There are 2 protein chains.
Amino acid sequence: MSERQRAPRERMVFSAAQLIRRDGVNATGMREVAAHAGAPRGSLQHYFPGGKEQLVGEAVAWAGRYAGNRIGRFVEGLADPTPSALFAAMCAQWTDEYERDGFGAGCPVAAATVDRAAADDATRAAAAAAFTTWRTPLAEALTAMGVPAGRSAALATLMISTLEGAILMARAEQDVRALTTVVRELGPLLDAAVTRPASGEPGVSGRPGPPRRS
Amino acid sequence: MSERQRAPRERMVFSAAQLIRRDGVNATGMREVAAHAGAPRGSLQHYFPGGKEQLVGEAVAWAGRYAGNRIGRFVEGLADPTPSALFAAMCAQWTDEYERDGFGAGCPVAAATVDRAAADDATRAAAAAAFTTWRTPLAEALTAMGVPAGRSAALATLMISTLEGAILMARAEQDVRALTTVVRELGPLLDAAVTRPASGEPGVSGRPGPPRRS
DNA sequence: GCGACTCTATGACCGCCGTCATAACGCCCG
DNA sequence: CGGGCGTTATGACGGCGGTCATAGAGTCGC
């Protein structure tokens, strides 16, 4: 159970997330996950004695962590740390993927919610937790950008909701139009929520600094 | 039940939409649809020789038409015909359902997209068409409310994207918080897009002055 | 009565699913 | 060398999936 090995079990979780992203939870078979991860079939019941529910749950949790971590990296990479620029970066990750690799995959958390919210409460809760681990650092980033603390959580919810819906529409239409549209339309509203000149850069807060304009 | 004899086929489409809404496309069986509709199993291949793909396609199309028709009825029922009020009505349909019947079901078009976008292009196209039959009357309603014609389609896309994402989050969290939040946060932006005092809205006389608040 | 047609009814086929049972392998420890 | 244990390897089982094939009911014009 040490982390000396880089990939046996973890690769299966990652593969599960990828396949769920593409085909949904129900259409993703356990054997398929093992094959995709290049892992032996017998490892499934060894690493995931809780069966598919456990595997899906970990895949969803992984996706939530990934999305949450991306927030920090987005903020770091922004030349202009405004809410609209952050939202644009979040959406750009999807437009880039869609233009590069096609519209084959969506958000695994959305897939888990659609396929399992009614039937499997554990997976539903995992999806809710994933949304939280995504929303929390996003709200903190907004606060650091100058959005009032009471408003940040609401705007984070709005941003994630809009992005999720735009991903859905983009996939259905096989066109990034929805993603680019929501970026353009929602941006001004997000920036208008900034009331003070943006405190500390990512993570560290409390240090007042002048807003860097382009 | 007089309708019981009136609509054997239509009931199956409706039942399919309901079950897809709850469990997703893959988890919804043909036998289950027939049973839910109170229809004989043999009617499936009679009315839907195209198999599950046809049934799902018609269910998605039905959902799109339903959503599109709701727009008109929402506009008629609004005391104050503003974009934010329309968006609030659209979201209220979901909060009402969730508070009344629980979080058992989501949007069937979203479910079809998640489950079938990668594997079944016909269903994916049906989902895209459903989004269009939903977005078109919405954009027209916005234009009638005074939103510039060039802006209406973009705002309609934004509204539907946000609503779809909020539905997703609400289901995962089993809490209407996401829905109420996006209504509150997005409303001002929508109303700010109104530039002229609402032209010919369906059946109601125009009001003087730009609409403010809701 | 009698086709013709629409609809219903049922059973079988084949395949994939998740899970379980069981056994072998690989390697370090004693 | 001989266990012990984490891991891998197969095979079987029961169930459900969509679809096909075929035959039965009901009804209507003639």
# chains A, B, ... in the order shown; residues from 1 in each chain; ligands from 1
$ interface_residues --of "chain B" --to "chain C" --cutoff "7 Å" --atoms "only C-alpha atoms (C1' of nucleotides)" --output "MDAnalysis selection string"
chainID B and resid 40 42:43
$ write_last_selection --atoms "N, CA and C atoms" --output "mmCIF file, in the first residue's frame"
data_model
loop_
_atom_site.group_PDB
_atom_site.id
_atom_site.type_symbol
_atom_site.label_atom_id
_atom_site.label_comp_id
_atom_site.auth_asym_id
_atom_site.auth_seq_id
_atom_site.Cartn_x
_atom_site.Cartn_y
_atom_site.Cartn_z
ATOM 1 N N PRO B 40 -48.337 -2.907 -24.469
ATOM 2 C CA PRO B 40 -47.803 -4.248 -24.704
ATOM 3 C C PRO B 40 -46.390 -4.189 -25.291
ATOM 4 N N GLY B 42 -45.082 -5.995 -27.476
ATOM 5 C CA GLY B 42 -45.038 -6.156 -28.919
ATOM 6 C C GLY B 42 -45.244 -4.867 -29.685
ATOM 7 N N SER B 43 -45.828 -3.883 -29.016
ATOM 8 C CA SER B 43 -46.062 -2.613 -29.707
ATOM 9 C C SER B 43 -44.767 -1.865 -29.977
#
$ closest_atom_pairs --of "chain A" --to "chain B" --cutoff "6 Å" --atoms "only C-alpha atoms" --output "JSON lines"
{"residue": "A:Asp23", "atom": "CA", "partner": "B:Asp115", "partner_atom": "CA", "distance": 5.6}
{"residue": "A:Gly24", "atom": "CA", "partner": "B:Asp115", "partner_atom": "CA", "distance": 5.2}
{"residue": "A:Gly104", "atom": "CA", "partner": "B:Ala118", "partner_atom": "CA", "distance": 5.1}
{"residue": "A:Ala111", "atom": "CA", "partner": "B:Val114", "partner_atom": "CA", "distance": 5.9}
{"residue": "A:Thr113", "atom": "CA", "partner": "B:Ala172", "partner_atom": "CA", "distance": 5.8}
{"residue": "A:Val114", "atom": "CA", "partner": "B:Ala111", "partner_atom": "CA", "distance": 5.9}
{"residue": "A:Asp115", "atom": "CA", "partner": "B:Gly24", "partner_atom": "CA", "distance": 5.2}
{"residue": "A:Ala118", "atom": "CA", "partner": "B:Gly104", "partner_atom": "CA", "distance": 5.1}
{"residue": "A:Arg124", "atom": "CA", "partner": "B:Ala172", "partner_atom": "CA", "distance": 5.5}
{"residue": "A:Ala127", "atom": "CA", "partner": "B:Ala172", "partner_atom": "CA", "distance": 5.9}
{"residue": "A:Ala128", "atom": "CA", "partner": "B:Ala172", "partner_atom": "CA", "distance": 4.9}
{"residue": "A:Leu158", "atom": "CA", "partner": "B:Val182", "partner_atom": "CA", "distance": 5.4}
{"residue": "A:Ser161", "atom": "CA", "partner": "B:Gly165", "partner_atom": "CA", "distance": 3.9}
{"residue": "A:Thr162", "atom": "CA", "partner": "B:Thr162", "partner_atom": "CA", "distance": 3.9}
{"residue": "A:Glu164", "atom": "CA", "partner": "B:Gly165", "partner_atom": "CA", "distance": 4.9}
{"residue": "A:Gly165", "atom": "CA", "partner": "B:Ser161", "partner_atom": "CA", "distance": 3.9}
{"residue": "A:Ala166", "atom": "CA", "partner": "B:Ser161", "partner_atom": "CA", "distance": 4.9}
{"residue": "A:Ala172", "atom": "CA", "partner": "B:Ala128", "partner_atom": "CA", "distance": 4.9}
{"residue": "A:Glu173", "atom": "CA", "partner": "B:Ala128", "partner_atom": "CA", "distance": 4.9}
{"residue": "A:Val182", "atom": "CA", "partner": "B:Leu158", "partner_atom": "CA", "distance": 5.4}
$ closest_atom_pairs --of "chain D" --to "chain A" --cutoff "9 Å" --atoms "only C-alpha atoms (C1' of nucleotides)" --output "CSV"
residue,atom,partner,partner_atom,distance
D:DT7,C1',A:Ser43,CA,7.3
D:DT8,C1',A:Gly42,CA,6.0
D:DA9,C1',A:Gly42,CA,6.6
D:DT10,C1',A:Gly42,CA,8.9
$ closest_residue --among "A:Thr136, A:Thr28, A:Thr143, A:Gln18" --to "Pro83 of chain A" --atoms "only C-alpha atoms"
A:Thr143
$ atom_distance --atom1 "atom CA of Arg100 of chain B" --atom2 "atom CA of Leu55 of chain B"
28.5 Å
$ atom_distance --atom1 "atom CA of Leu44 of chain A" --atom2 "atom CA of Ala17 of chain A"
14.8 Å
$ residues_around --residues "Glu99 of chain B" --least-positions-apart "5" --cutoff "9 Å" --atoms "only C-alpha atoms (C1' of nucleotides)" --output "number ranges by chain"
B: 94, 175-176
$ write_last_selection --atoms "N, CA and C atoms" --output "JSON list (two decimals), in the first residue's frame"
[["chain", "number", "residue", "atom", "x", "y", "z"],
["B", 94, "TRP", "N", -38.25, 23.98, -12.29],
["B", 94, "TRP", "CA", -37.42, 22.91, -11.74],
["B", 94, "TRP", "C", -37.39, 22.94, -10.22],
["B", 175, "ASP", "N", -30.34, 19.70, -3.62],
["B", 175, "ASP", "CA", -30.63, 21.00, -3.02],
["B", 175, "ASP", "C", -30.87, 21.99, -4.16],
["B", 176, "VAL", "N", -31.90, 22.77, -4.06],
["B", 176, "VAL", "CA", -32.21, 23.71, -5.13],
["B", 176, "VAL", "C", -31.33, 24.96, -5.07]]
$ select_by_dssp --residues "chain A" --states "helix (DSSP H, G or I)" --output "PyMOL selection string"
chain A and resi 8-23+30-37+42-47+51-77+83-101+108-116+121-144+149-173+177-192
$ write_last_selection --atoms "C-alpha atoms" --output "compact mmCIF listing (two decimals), in the first residue's frame"
# COMPACT_ATOMS: atom_id res chain seq x y z
CA PRO A 8 -1.40 0.16 -11.09
CA ARG A 9 -4.43 1.21 -9.22
CA GLU A 10 -4.39 4.87 -10.02
CA ARG A 11 -4.38 4.17 -13.72
CA MET A 12 -7.60 2.26 -13.38
CA VAL A 13 -9.28 5.18 -11.66
CA PHE A 14 -8.03 7.49 -14.36
CA SER A 15 -9.18 5.18 -17.11
CA ALA A 16 -12.57 4.88 -15.48
CA ALA A 17 -12.89 8.64 -15.45
CA GLN A 18 -11.95 8.85 -19.10
CA LEU A 19 -14.41 6.20 -20.18
CA ILE A 20 -17.18 7.64 -18.04
CA ARG A 21 -16.49 10.99 -19.59
CA ARG A 22 -17.07 9.54 -23.01
CA ASP A 23 -19.80 6.93 -22.64
CA MET A 30 -15.47 -2.97 -15.56
CA ARG A 31 -13.66 -5.16 -18.04
CA GLU A 32 -13.39 -2.19 -20.35
CA VAL A 33 -11.79 -0.11 -17.63
CA ALA A 34 -9.21 -2.76 -16.92
CA ALA A 35 -8.41 -3.17 -20.58
CA HIS A 36 -8.13 0.56 -21.10
CA ALA A 37 -5.76 0.85 -18.16
CA GLY A 42 -8.30 -9.66 -11.54
CA SER A 43 -6.95 -6.43 -10.14
CA LEU A 44 -10.40 -4.93 -10.19
CA GLN A 45 -11.80 -6.94 -7.35
CA HIS A 46 -8.50 -6.68 -5.54
CA TYR A 47 -8.19 -2.93 -5.59
CA GLY A 51 -17.19 -3.07 -6.95
CA LYS A 52 -18.23 -0.64 -9.58
CA GLU A 53 -19.72 1.76 -7.11
CA GLN A 54 -16.35 2.24 -5.48
CA LEU A 55 -14.51 2.60 -8.75
CA VAL A 56 -16.96 5.17 -10.06
CA GLY A 57 -16.87 7.01 -6.79
CA GLU A 58 -13.11 7.31 -6.89
CA ALA A 59 -13.15 8.35 -10.51
CA VAL A 60 -15.61 11.12 -9.71
CA ALA A 61 -13.58 12.21 -6.70
CA TRP A 62 -10.47 12.26 -8.85
CA ALA A 63 -12.22 14.46 -11.38
CA GLY A 64 -13.32 16.84 -8.66
CA ARG A 65 -9.79 17.12 -7.32
CA TYR A 66 -8.46 17.66 -10.80
CA ALA A 67 -10.91 20.47 -11.51
CA GLY A 68 -10.16 22.08 -8.16
CA ASN A 69 -6.44 21.97 -8.74
CA ARG A 70 -6.84 23.44 -12.17
CA ILE A 71 -8.31 26.58 -10.67
CA GLY A 72 -5.08 27.41 -8.92
CA ARG A 73 -3.03 26.81 -12.00
CA PHE A 74 -5.38 28.90 -14.11
CA VAL A 75 -5.08 31.80 -11.72
CA GLU A 76 -1.32 31.56 -11.80
CA GLY A 77 -1.29 31.60 -15.57
CA PRO A 83 -12.98 36.82 -12.81
CA SER A 84 -13.81 36.96 -16.48
CA ALA A 85 -10.31 35.90 -17.44
CA LEU A 86 -10.51 32.98 -15.04
CA PHE A 87 -13.83 31.90 -16.48
CA ALA A 88 -12.43 32.26 -19.96
CA ALA A 89 -9.52 30.02 -19.02
CA MET A 90 -11.85 27.41 -17.58
CA CYS A 91 -13.90 27.36 -20.75
CA ALA A 92 -10.84 27.50 -22.97
CA GLN A 93 -9.71 24.19 -21.57
CA TRP A 94 -12.83 22.69 -23.10
CA THR A 95 -12.79 24.55 -26.38
CA ASP A 96 -9.16 23.59 -26.84
CA GLU A 97 -9.88 19.95 -26.19
CA TYR A 98 -12.89 19.92 -28.45
CA GLU A 99 -11.09 21.60 -31.30
CA ARG A 100 -8.08 19.36 -30.83
CA ASP A 101 -9.62 15.96 -30.10
CA PRO A 108 -17.38 12.89 -15.74
CA VAL A 109 -19.14 14.47 -12.78
CA ALA A 110 -22.04 15.43 -15.00
CA ALA A 111 -22.14 11.90 -16.37
CA ALA A 112 -22.17 10.41 -12.91
CA THR A 113 -24.98 12.73 -11.88
CA VAL A 114 -27.12 11.98 -14.91
CA ASP A 115 -26.62 8.24 -14.76
CA ARG A 116 -26.57 7.60 -11.06
CA ASP A 121 -26.95 7.57 -3.57
CA ALA A 122 -23.28 7.00 -2.81
CA THR A 123 -22.23 8.02 -6.30
CA ARG A 124 -24.61 10.94 -6.19
CA ALA A 125 -22.98 12.11 -3.00
CA ALA A 126 -19.56 11.68 -4.58
CA ALA A 127 -20.67 13.92 -7.43
CA ALA A 128 -21.89 16.53 -4.97
CA ALA A 129 -18.57 16.36 -3.17
CA ALA A 130 -16.75 16.76 -6.45
CA PHE A 131 -18.70 19.91 -7.20
CA THR A 132 -17.74 21.23 -3.80
CA THR A 133 -14.04 20.54 -4.21
CA TRP A 134 -14.30 22.37 -7.50
CA ARG A 135 -16.35 25.30 -6.27
CA THR A 136 -14.42 26.01 -3.10
CA PRO A 137 -11.06 27.00 -4.60
CA LEU A 138 -12.91 28.85 -7.34
CA ALA A 139 -14.77 30.94 -4.80
CA GLU A 140 -11.53 31.62 -2.95
CA ALA A 141 -9.89 32.74 -6.16
CA LEU A 142 -12.76 35.13 -6.81
CA THR A 143 -12.45 36.57 -3.33
CA ALA A 144 -8.74 37.09 -3.90
CA ALA A 149 -16.77 37.29 0.22
CA GLY A 150 -20.51 36.93 0.37
CA ARG A 151 -20.75 36.95 -3.39
CA SER A 152 -17.91 34.64 -4.34
CA ALA A 153 -19.65 31.37 -3.61
CA ALA A 154 -22.69 32.39 -5.61
CA LEU A 155 -20.62 33.45 -8.57
CA ALA A 156 -18.63 30.23 -8.39
CA THR A 157 -21.87 28.30 -8.56
CA LEU A 158 -22.96 30.39 -11.51
CA MET A 159 -19.70 29.85 -13.33
CA ILE A 160 -19.68 26.10 -12.86
CA SER A 161 -23.35 25.77 -13.76
CA THR A 162 -22.90 27.76 -16.92
CA LEU A 163 -19.77 25.90 -17.92
CA GLU A 164 -21.39 22.53 -17.36
CA GLY A 165 -24.40 23.48 -19.42
CA ALA A 166 -22.26 24.91 -22.18
CA ILE A 167 -20.24 21.70 -22.30
CA LEU A 168 -23.46 19.80 -22.76
CA MET A 169 -24.65 22.02 -25.58
CA ALA A 170 -21.27 22.04 -27.27
CA ARG A 171 -21.15 18.27 -27.26
CA ALA A 172 -24.66 17.92 -28.57
CA GLU A 173 -24.11 20.45 -31.32
CA ARG A 177 -20.27 28.03 -30.06
CA ALA A 178 -22.04 27.60 -26.73
CA LEU A 179 -18.74 27.77 -24.85
CA THR A 180 -17.49 30.87 -26.59
CA THR A 181 -20.88 32.51 -26.23
CA VAL A 182 -21.14 32.06 -22.49
CA VAL A 183 -17.62 33.37 -22.03
CA ARG A 184 -18.46 36.49 -23.95
CA GLU A 185 -21.82 37.09 -22.30
CA LEU A 186 -20.98 36.23 -18.74
CA GLY A 187 -17.62 37.99 -18.54
CA PRO A 188 -18.86 41.53 -17.90
CA LEU A 189 -21.14 40.38 -15.11
CA LEU A 190 -18.29 38.59 -13.37
CA ASP A 191 -15.94 41.54 -13.55
CA ALA A 192 -18.64 43.88 -12.36
$ atom_distance --atom1 "atom C1' of DG15 of chain D" --atom2 "atom CA of Pro49 of chain A"
20.7 Å
